[in-house]
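Data from entry.txt: compact mmCIF, C-alpha atoms
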```txt
# COMPACT_ATOMS: atom_id res chain seq x y z
CA MET A 14 -56.04 7.10 -48.24
CA ILE A 15 -52.99 4.95 -48.67
CA GLY A 16 -52.19 2.89 -45.62
CA ASP A 17 -48.97 1.22 -44.66
CA HIS A 18 -49.44 -1.48 -47.24
CA GLY A 19 -50.70 0.70 -50.03
CA GLN A 20 -48.96 1.43 -53.29
CA ARG A 21 -49.42 4.04 -55.99
CA TRP A 22 -48.51 3.42 -59.60
CA PRO A 23 -48.66 6.02 -62.38
CA ILE A 24 -50.70 4.98 -65.41
CA ASP A 25 -48.74 4.44 -68.61
CA GLU A 26 -48.94 2.18 -71.63
CA ASP A 27 -47.12 -0.70 -69.97
CA LEU A 28 -50.26 -2.62 -69.09
CA SER A 29 -48.35 -5.88 -68.87
CA ALA A 30 -46.12 -4.53 -66.10
CA LEU A 31 -49.16 -3.11 -64.29
CA ARG A 32 -50.91 -6.49 -64.38
CA GLU A 33 -47.78 -8.17 -63.07
CA ARG A 34 -47.46 -5.73 -60.15
CA LEU A 35 -51.13 -6.09 -59.34
CA HIS A 36 -50.95 -9.88 -59.61
CA HIS A 37 -48.15 -9.90 -57.07
CA TYR A 38 -49.93 -7.52 -54.71
CA ALA A 39 -53.32 -9.27 -54.86
CA ALA A 40 -51.79 -12.73 -54.50
CA GLN A 41 -50.00 -11.75 -51.31
CA ALA A 42 -53.35 -10.37 -50.07
CA GLY A 43 -54.77 -13.88 -50.53
CA ILE A 44 -56.74 -13.48 -53.74
CA ARG A 45 -56.44 -16.55 -55.93
CA GLY A 46 -57.65 -18.26 -59.03
CA GLU A 47 -60.54 -16.84 -60.97
CA ARG A 48 -61.02 -13.93 -58.57
CA LEU A 49 -57.44 -12.88 -59.16
CA ASN A 50 -57.95 -13.10 -62.94
CA ASP A 51 -61.18 -11.10 -62.61
CA LEU A 52 -59.43 -8.37 -60.64
CA LEU A 53 -56.63 -8.15 -63.23
CA LEU A 54 -59.12 -7.86 -66.07
CA ALA A 55 -61.31 -5.28 -64.28
CA THR A 56 -58.31 -3.10 -63.39
CA ASN A 57 -56.97 -3.42 -66.92
CA GLU A 58 -60.33 -2.21 -68.28
CA ALA A 59 -60.38 0.75 -65.87
CA VAL A 60 -56.87 1.75 -66.95
CA ILE A 61 -57.77 1.39 -70.65
CA ASN A 62 -60.58 3.88 -70.03
CA VAL A 63 -58.04 6.37 -68.71
CA LEU A 64 -55.72 5.81 -71.68
CA GLU A 65 -58.52 6.09 -74.21
CA HIS A 66 -61.00 8.59 -72.73
CA GLY A 67 -59.53 9.92 -69.50
CA GLY A 68 -56.66 12.08 -70.69
CA GLY A 69 -54.11 9.27 -70.84
CA LYS A 70 -52.66 10.02 -67.42
CA GLY A 71 -53.65 9.06 -63.94
CA THR A 72 -52.87 6.81 -61.02
CA VAL A 73 -53.62 3.36 -59.70
CA ASP A 74 -53.77 3.16 -55.90
CA VAL A 75 -53.98 -0.25 -54.32
CA TRP A 76 -54.25 -1.13 -50.66
CA GLN A 77 -55.77 -3.66 -48.35
CA ASP A 78 -57.44 -3.51 -44.99
CA GLU A 79 -58.88 -6.30 -42.87
CA THR A 80 -61.82 -6.92 -45.15
CA HIS A 81 -61.06 -5.68 -48.64
CA LEU A 82 -58.48 -5.20 -51.31
CA THR A 83 -59.23 -1.85 -52.93
CA ILE A 84 -58.03 -0.42 -56.22
CA ASP A 85 -58.62 3.20 -57.19
CA VAL A 86 -58.05 4.15 -60.81
CA THR A 87 -58.14 7.94 -61.14
CA ASP A 88 -57.96 9.93 -64.36
CA THR A 89 -57.19 13.61 -64.93
CA VAL A 90 -60.19 14.81 -66.94
CA GLY A 91 -63.12 13.73 -64.77
CA LEU A 92 -65.64 13.07 -67.53
CA LEU A 93 -66.49 9.52 -66.51
CA THR A 94 -69.65 9.32 -64.39
CA THR A 95 -71.97 6.59 -63.18
CA GLU A 96 -74.27 7.43 -66.09
CA HIS A 97 -71.79 5.74 -68.42
CA ILE A 98 -72.32 2.36 -66.76
CA PRO A 99 -74.56 0.19 -68.97
CA ALA A 100 -77.64 -1.01 -67.08
CA LYS A 101 -77.39 -4.32 -68.88
CA ARG A 102 -74.91 -6.11 -71.04
CA PRO A 103 -74.31 -4.20 -74.27
CA THR A 104 -75.41 -5.99 -77.41
CA GLY A 105 -74.70 -5.08 -80.99
CA THR A 106 -71.65 -3.02 -80.07
CA ILE A 107 -68.39 -3.55 -78.30
CA ARG A 108 -68.45 -0.10 -76.73
CA GLY A 109 -69.40 -0.12 -73.11
CA PHE A 110 -68.08 -3.63 -72.58
CA GLY A 111 -65.25 -2.39 -70.38
CA LEU A 112 -67.58 -0.75 -67.88
CA TRP A 113 -69.98 -3.67 -68.11
CA LEU A 114 -67.14 -6.08 -67.33
CA MET A 115 -66.17 -4.05 -64.26
CA THR A 116 -69.71 -4.43 -62.90
CA GLN A 117 -69.42 -8.20 -63.28
CA LEU A 118 -65.86 -8.89 -62.18
CA CYS A 119 -65.53 -7.29 -58.74
CA ASP A 120 -67.43 -7.39 -55.46
CA GLU A 121 -67.80 -3.60 -55.55
CA PHE A 122 -67.53 -1.14 -58.41
CA THR A 123 -68.15 2.58 -58.01
CA ILE A 124 -67.37 5.78 -59.91
CA GLU A 125 -66.88 9.08 -58.12
CA GLN A 126 -66.02 12.51 -59.44
CA LEU A 127 -63.30 14.13 -57.39
CA ALA A 128 -61.45 17.42 -57.75
CA GLU A 129 -58.55 15.69 -59.51
CA GLY A 130 -60.66 13.58 -61.87
CA SER A 131 -62.98 10.60 -62.08
CA ARG A 132 -62.16 7.74 -59.78
CA VAL A 133 -63.12 4.14 -60.44
CA ARG A 134 -63.02 2.07 -57.27
CA LEU A 135 -62.80 -1.71 -57.54
CA ARG A 136 -62.98 -3.82 -54.41
CA MET A 137 -62.61 -7.49 -53.63
CA ASN A 138 -63.85 -8.89 -50.35
CA LEU A 139 -61.04 -10.78 -48.63
CA ARG A 140 -63.34 -12.63 -46.23
CA SER A 141 -66.14 -13.93 -48.40
CA PRO A 142 -66.50 -17.70 -48.83
CA ALA A 143 -65.67 -17.18 -52.51
CA ALA A 144 -62.44 -15.44 -51.55
CA ARG A 145 -61.39 -18.45 -49.50
CA THR A 146 -62.15 -21.02 -52.17
CA GLY A 147 -61.07 -18.95 -55.14
CA ALA A 148 -64.45 -19.59 -56.73
CA LEU A 149 -66.83 -16.83 -57.69
CA ASN A 150 -70.55 -17.17 -57.74
CA GLN A 151 -70.90 -16.38 -61.40
CA GLU A 152 -73.88 -14.47 -62.48
CA ASP A 153 -75.01 -15.77 -65.83
CA PRO A 154 -75.27 -12.75 -68.09
CA GLY A 155 -77.98 -14.41 -70.11
CA GLN A 156 -78.16 -16.38 -73.25
CA GLU A 157 -79.46 -13.91 -75.78
CA GLN A 158 -77.66 -14.14 -79.06
CA VAL A 159 -75.23 -11.47 -80.09
CA ARG A 160 -76.35 -9.96 -83.32
CA ALA A 161 -74.62 -11.24 -86.41
CA SER A 162 -73.78 -7.67 -87.40
CA LEU A 163 -71.03 -7.54 -84.79
CA MET B 28 -46.45 -1.14 -74.40
CA SER B 29 -47.03 -4.84 -74.03
CA THR B 30 -44.94 -7.24 -76.11
CA ALA B 31 -46.54 -8.01 -79.46
CA VAL B 32 -48.70 -11.10 -79.62
CA ARG B 33 -46.95 -13.76 -81.71
CA VAL B 34 -49.04 -14.93 -84.65
CA THR B 35 -47.72 -18.15 -86.22
CA ASP B 36 -49.16 -19.86 -89.28
CA VAL B 37 -49.34 -23.57 -88.46
CA SER B 38 -51.73 -24.55 -91.24
CA ASP B 39 -51.99 -28.20 -92.20
CA PRO B 40 -51.62 -28.47 -96.00
CA SER B 41 -53.90 -31.50 -96.06
CA VAL B 42 -56.81 -29.35 -94.88
CA LYS B 43 -57.80 -27.21 -97.85
CA GLU B 44 -58.96 -23.63 -97.54
CA MET B 45 -58.29 -23.41 -93.85
CA VAL B 46 -55.73 -21.22 -92.13
CA LEU B 47 -54.64 -22.39 -88.71
CA LEU B 48 -52.93 -19.79 -86.54
CA SER B 49 -51.30 -20.15 -83.18
CA LEU B 50 -51.38 -17.06 -80.95
CA ALA B 51 -49.05 -16.51 -78.01
CA GLY B 52 -48.67 -13.68 -75.53
CA GLU B 53 -50.95 -11.11 -73.89
CA LEU B 54 -53.42 -9.19 -76.06
CA ASP B 55 -54.44 -5.79 -74.72
CA TYR B 56 -55.18 -2.18 -75.61
CA THR B 57 -51.53 -1.35 -76.24
CA ASN B 58 -50.81 -4.11 -78.78
CA ALA B 59 -54.25 -4.84 -80.26
CA GLU B 60 -53.67 -2.62 -83.30
CA ARG B 61 -50.36 -4.31 -84.03
CA PHE B 62 -52.05 -7.69 -83.58
CA ARG B 63 -54.79 -6.76 -86.01
CA HIS B 64 -52.18 -5.69 -88.56
CA ASP B 65 -50.08 -8.86 -88.14
CA LEU B 66 -53.16 -11.05 -88.32
CA HIS B 67 -54.34 -9.45 -91.54
CA GLN B 68 -50.87 -9.85 -93.03
CA VAL B 69 -50.98 -13.57 -92.32
CA ILE B 70 -54.50 -14.26 -93.54
CA GLY B 71 -54.00 -11.91 -96.50
CA GLN B 72 -56.60 -12.33 -99.20
CA ASP B 73 -57.09 -16.03 -98.54
CA ARG B 74 -60.60 -17.22 -98.75
CA GLY B 75 -61.70 -20.02 -96.50
CA ASP B 76 -61.92 -20.73 -92.82
CA LEU B 77 -59.79 -19.59 -89.93
CA VAL B 78 -58.95 -21.50 -86.77
CA MET B 79 -57.06 -19.71 -84.01
CA ASP B 80 -55.29 -21.78 -81.39
CA LEU B 81 -55.47 -19.70 -78.21
CA THR B 82 -53.67 -22.11 -75.89
CA ASP B 83 -50.81 -19.67 -75.29
CA LEU B 84 -52.79 -16.44 -75.33
CA THR B 85 -52.72 -15.85 -71.60
CA PHE B 86 -54.55 -12.52 -71.45
CA CYS B 87 -57.13 -10.72 -73.59
CA ASP B 88 -59.05 -7.56 -72.75
CA SER B 89 -62.04 -5.86 -74.38
CA THR B 90 -59.91 -4.30 -77.11
CA GLY B 91 -58.53 -7.75 -77.92
CA ILE B 92 -62.07 -9.04 -78.19
CA GLN B 93 -62.76 -6.16 -80.58
CA ALA B 94 -59.84 -7.32 -82.76
CA PHE B 95 -61.30 -10.84 -82.83
CA LEU B 96 -64.69 -9.45 -83.85
CA ASN B 97 -63.13 -7.46 -86.70
CA THR B 98 -61.30 -10.55 -87.92
CA ARG B 99 -64.49 -12.54 -87.69
CA LYS B 100 -66.23 -10.01 -89.92
CA ILE B 101 -63.45 -10.14 -92.54
CA VAL B 102 -63.49 -13.94 -92.64
CA GLN B 103 -67.28 -14.10 -92.81
CA ASP B 104 -67.47 -11.43 -95.53
CA ARG B 105 -65.28 -13.73 -97.64
CA GLY B 106 -67.67 -16.59 -97.02
CA GLY B 107 -65.58 -18.38 -94.41
CA SER B 108 -66.06 -19.33 -90.77
CA ILE B 109 -63.89 -18.60 -87.74
CA VAL B 110 -63.40 -20.92 -84.80
CA LEU B 111 -61.47 -20.23 -81.60
CA ALA B 112 -59.74 -23.26 -80.13
CA SER B 113 -58.48 -24.08 -76.66
CA PRO B 114 -59.05 -20.68 -75.00
CA HIS B 115 -57.25 -19.99 -71.74
CA PRO B 116 -59.63 -19.78 -68.72
CA ARG B 117 -59.17 -15.99 -68.67
CA LEU B 118 -60.28 -15.77 -72.28
CA LYS B 119 -63.19 -18.14 -71.72
CA ARG B 120 -64.31 -15.89 -68.91
CA ILE B 121 -64.39 -12.68 -70.98
CA LEU B 122 -66.09 -14.46 -73.89
CA HIS B 123 -68.74 -15.72 -71.48
CA LEU B 124 -69.29 -12.39 -69.73
CA THR B 125 -69.55 -10.43 -72.96
CA GLY B 126 -71.90 -13.02 -74.44
CA LEU B 127 -69.55 -13.50 -77.37
CA ALA B 128 -68.93 -17.20 -76.81
CA GLN B 129 -71.93 -17.76 -79.06
CA ALA B 130 -70.68 -15.33 -81.70
CA PHE B 131 -67.58 -17.45 -82.18
CA GLY B 132 -67.47 -21.19 -82.58
CA VAL B 133 -65.38 -22.06 -79.51
CA GLN B 134 -63.89 -25.56 -79.36
CA PRO B 135 -61.83 -27.18 -76.61
CA THR B 136 -59.01 -28.30 -78.93
CA VAL B 137 -57.64 -27.51 -82.38
CA ALA B 138 -58.62 -31.00 -83.56
CA ASP B 139 -62.20 -30.33 -82.42
CA ALA B 140 -62.17 -27.00 -84.27
CA VAL B 141 -61.03 -28.65 -87.51
CA ARG B 142 -63.63 -31.38 -87.10
CA ALA B 143 -66.35 -28.78 -86.50
CA LEU B 144 -65.47 -27.09 -89.81
CA ARG B 145 -64.66 -30.24 -91.82
CA PRO B 146 -66.84 -33.05 -90.53
CA GLN B 147 -65.88 -35.24 -93.50
CA GLN B 148 -62.14 -34.65 -93.22
CA PRO B 149 -59.96 -37.41 -91.73
CA ALA B 150 -58.40 -36.29 -88.46
CA PRO B 151 -55.37 -34.10 -89.27
CA ASP B 152 -52.00 -34.68 -87.70
CA ILE B 153 -52.10 -31.72 -85.34
CA HIS B 154 -52.03 -31.52 -81.62
CA GLY B 155 -54.97 -29.98 -79.91
CA GLY B 156 -53.77 -27.61 -77.32
CA GLY B 157 -50.07 -28.11 -76.76
CA PRO B 158 -47.58 -25.33 -77.36
CA SER B 159 -46.23 -25.37 -80.85
```
Show me, as structure tokens, the structure contained in the file I just sent.
Amino acid sequence: MIGDHGQRWPIDEDLSALRERLHHYAAQAGIRGERLNDLLLATNEAVINVLEHGGGKGTVDVWQDETHLTIDVTDTVGLLTTEHIPAKRPTGTIRGFGLWLMTQLCDEFTIEQLAEGSRVRLRMNLRSPAARTGALNQEDPGQEQVRASL
Amino acid sequence: MSTAVRVTDVSDPSVKEMVLLSLAGELDYTNAERFRHDLHQVIGQDRGDLVMDLTDLTFCDSTGIQAFLNTRKIVQDRGGSIVLASPHPRLKRILHLTGLAQAFGVQPTVADAVRALRPQQPAPDIHGGGPS
């Protein structure tokens, strides 16, 4: 899966170092501005899931081809499935926000169950107009009020 | 583990019953609990309002947002209000996507945040947005 330009990083609690490595990798792949920030946040959320619910261990694989930068975040317990993805933005609770954010932040977001565990795949298109300008066509998640009980 | 977020009390004594905190660093899953602890140490049992200057908080994930929500509840349970000032674009983005921008009073500068809470108060001698 990992091509000549790919890298594999073990998951640990040093999220800051992970974000820095990913920032460097994605920037050299041509991702800039808000899309770069979005990718950092989405990957961070995927790794948090592994630390909190996915056994605490796993890997981050990152590589690029002609059209995409791809990040695979794989855990060791394999409990995460597509059924965990909220169909709409969670309200009244913070739980589920991480998965919701991943659906909003990347061009592609998929979950697959493999022999070694659950794999979250995050992809950014390197050739879209948004990729060239660094601007993302933001989908407005709606204006409904968050309940005061939060 | 990420370096602890620095929480600095920069309250202006001329503004009564308002704690002004400056946050600096990257808030994530690995230091959110420490942040919550440090924050509660600083705000203690004080009643009143809380303004957090986020100019130098360069990253915040969903667990960081959870810490903000907990703090918001504590402040509101004591009858106060909480306002976030000068959020970094990354923080603005997560507040927007989670729909929580409305749950917090978000203001572009610290001066705007103080004005929003104390419309009658003369403008305090604080800088809106610069590092402190």
Find, counting all atoms listed in the file, the residue in B:Arg145, B:Arg61, B:His115, B:Arg74 that gets nearest to Ala94 of chain B.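 When distances to Ala94 of chain B are compared using all atoms listed in the file, the smallest one comes from B:Arg61.
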Interface rows for chain B against chain A: nearest pair, Å to one decimal, 8 Å, all atoms listed in the file, as JSON lines:
```
{"residue": "B:Met28", "atom": "CA", "partner": "A:Asp27", "partner_atom": "CA", "distance": 4.5}
{"residue": "B:Ser29", "atom": "CA", "partner": "A:Ser29", "partner_atom": "CA", "distance": 5.4}
{"residue": "B:Glu53", "atom": "CA", "partner": "A:Ser29", "partner_atom": "CA", "distance": 7.7}
{"residue": "B:Asp55", "atom": "CA", "partner": "A:Leu28", "partner_atom": "CA", "distance": 7.7}
{"residue": "B:Tyr56", "atom": "CA", "partner": "A:Ile61", "partner_atom": "CA", "distance": 6.6}
{"residue": "B:Thr57", "atom": "CA", "partner": "A:Glu26", "partner_atom": "CA", "distance": 6.4}
{"residue": "B:Asp88", "atom": "CA", "partner": "A:Leu54", "partner_atom": "CA", "distance": 6.7}
{"residue": "B:Ser89", "atom": "CA", "partner": "A:Gly111", "partner_atom": "CA", "distance": 6.2}
{"residue": "B:Gln93", "atom": "CA", "partner": "A:Ile107", "partner_atom": "CA", "distance": 6.6}
{"residue": "B:Leu96", "atom": "CA", "partner": "A:Leu163", "partner_atom": "CA", "distance": 6.7}
{"residue": "B:Lys100", "atom": "CA", "partner": "A:Leu163", "partner_atom": "CA", "distance": 7.4}
{"residue": "B:Arg117", "atom": "CA", "partner": "A:Asn50", "partner_atom": "CA", "distance": 6.5}
{"residue": "B:His123", "atom": "CA", "partner": "A:Pro154", "partner_atom": "CA", "distance": 7.9}
{"residue": "B:Leu124", "atom": "CA", "partner": "A:Pro154", "partner_atom": "CA", "distance": 6.2}
{"residue": "B:Thr125", "atom": "CA", "partner": "A:Phe110", "partner_atom": "CA", "distance": 7.0}
{"residue": "B:Gly126", "atom": "CA", "partner": "A:Val159", "partner_atom": "CA", "distance": 6.7}
{"residue": "B:Leu127", "atom": "CA", "partner": "A:Val159", "partner_atom": "CA", "distance": 6.6}
{"residue": "B:Gln129", "atom": "CA", "partner": "A:Gln158", "partner_atom": "CA", "distance": 6.8}
{"residue": "B:Ala130", "atom": "CA", "partner": "A:Val159", "partner_atom": "CA", "distance": 6.2}
```
Please identify all polymer residues within 10 Å of Pro135 of chain B, counting only C-alpha atoms, omitting same-chain residues fewer than 6 positions from it, and present them as a list in words. Asp80, Leu81, Thr82, Leu111, Ala112, Ser113, Pro114, His115, Gly155 and Gly156 of chain B
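Atom CA of Gln68 of chain B is positioned 20.3 Å from atom CA of Asp83 of chain B.
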I'd like the interatomic distance between atom CA of Met45 of chain B and atom CA of Leu84 of chain B, to a tenth of an Å.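 Computed distance, atom CA of Met45 of chain B to atom CA of Leu84 of chain B, equals 20.5 Å.
In this model, the gap between atom CA of Val73 of chain A and atom CA of Phe95 of chain B comes to 28.2 Å.
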Counting all atoms listed in the file, write as a ChimeraX atom specification all protein and nucleic acid residues lying at most 10 Å from (-59.1, -26.8, -89.1) in the file's frame. /B:38-39,41-48,76-80,109-110,112,137-145,148,150-151,153
Would you mind listing what lies within 6 Å of Leu82 of chain A as a short mmCIF file (atom, residue, chain, number, x, y, z; two decimals) with C-alpha atoms, keeping the file's coordinate frame, with all atoms listed in the file counted and same-chain residues fewer than 6 positions away left out?
```
data_model
loop_
_atom_site.label_atom_id
_atom_site.label_comp_id
_atom_site.auth_asym_id
_atom_site.auth_seq_id
_atom_site.Cartn_x
_atom_site.Cartn_y
_atom_site.Cartn_z
CA TRP A 76 -54.25 -1.13 -50.66
CA ARG A 136 -62.98 -3.82 -54.41
CA MET A 137 -62.61 -7.49 -53.63
#
```
Point out the residue among B:Ala31, B:Leu122, B:Leu66, B:Cys87 with the least atom-to-atom distance to Leu54 of chain B, counting only C-alpha atoms.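 Under the stated criterion, the closest residue is B:Cys87.
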For Val75 of chain A, list every protein, DNA or RNA residue within 8 Å, evaluated using only C-alpha atoms, and leave out those in the same chain fewer than 4 positions away; present the list as a list in words.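 Here the qualifying residues turn out to be Ile15, Gly19, Gln20, Arg21, Leu82, Thr83, Ile84 and Asp85 of chain A.
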Any chance you could work out the axis-aligned box around segment 60-63 of chain A, listed atoms only, 5 Å on each side, giving centre and edge lengths in Å to one decimal, as AutoDock Vina command-line options?
```
--center_x -58.7 --center_y 3.9 --center_z -68.8 --size_x 13.7 --size_y 15.0 --size_z 13.7
```
Pick out the closest residue to Thr95 of chain A from this set: A:Thr116, A:Thr72, A:Thr123, A:Thr80. Count all atoms listed in the file. A:Thr123
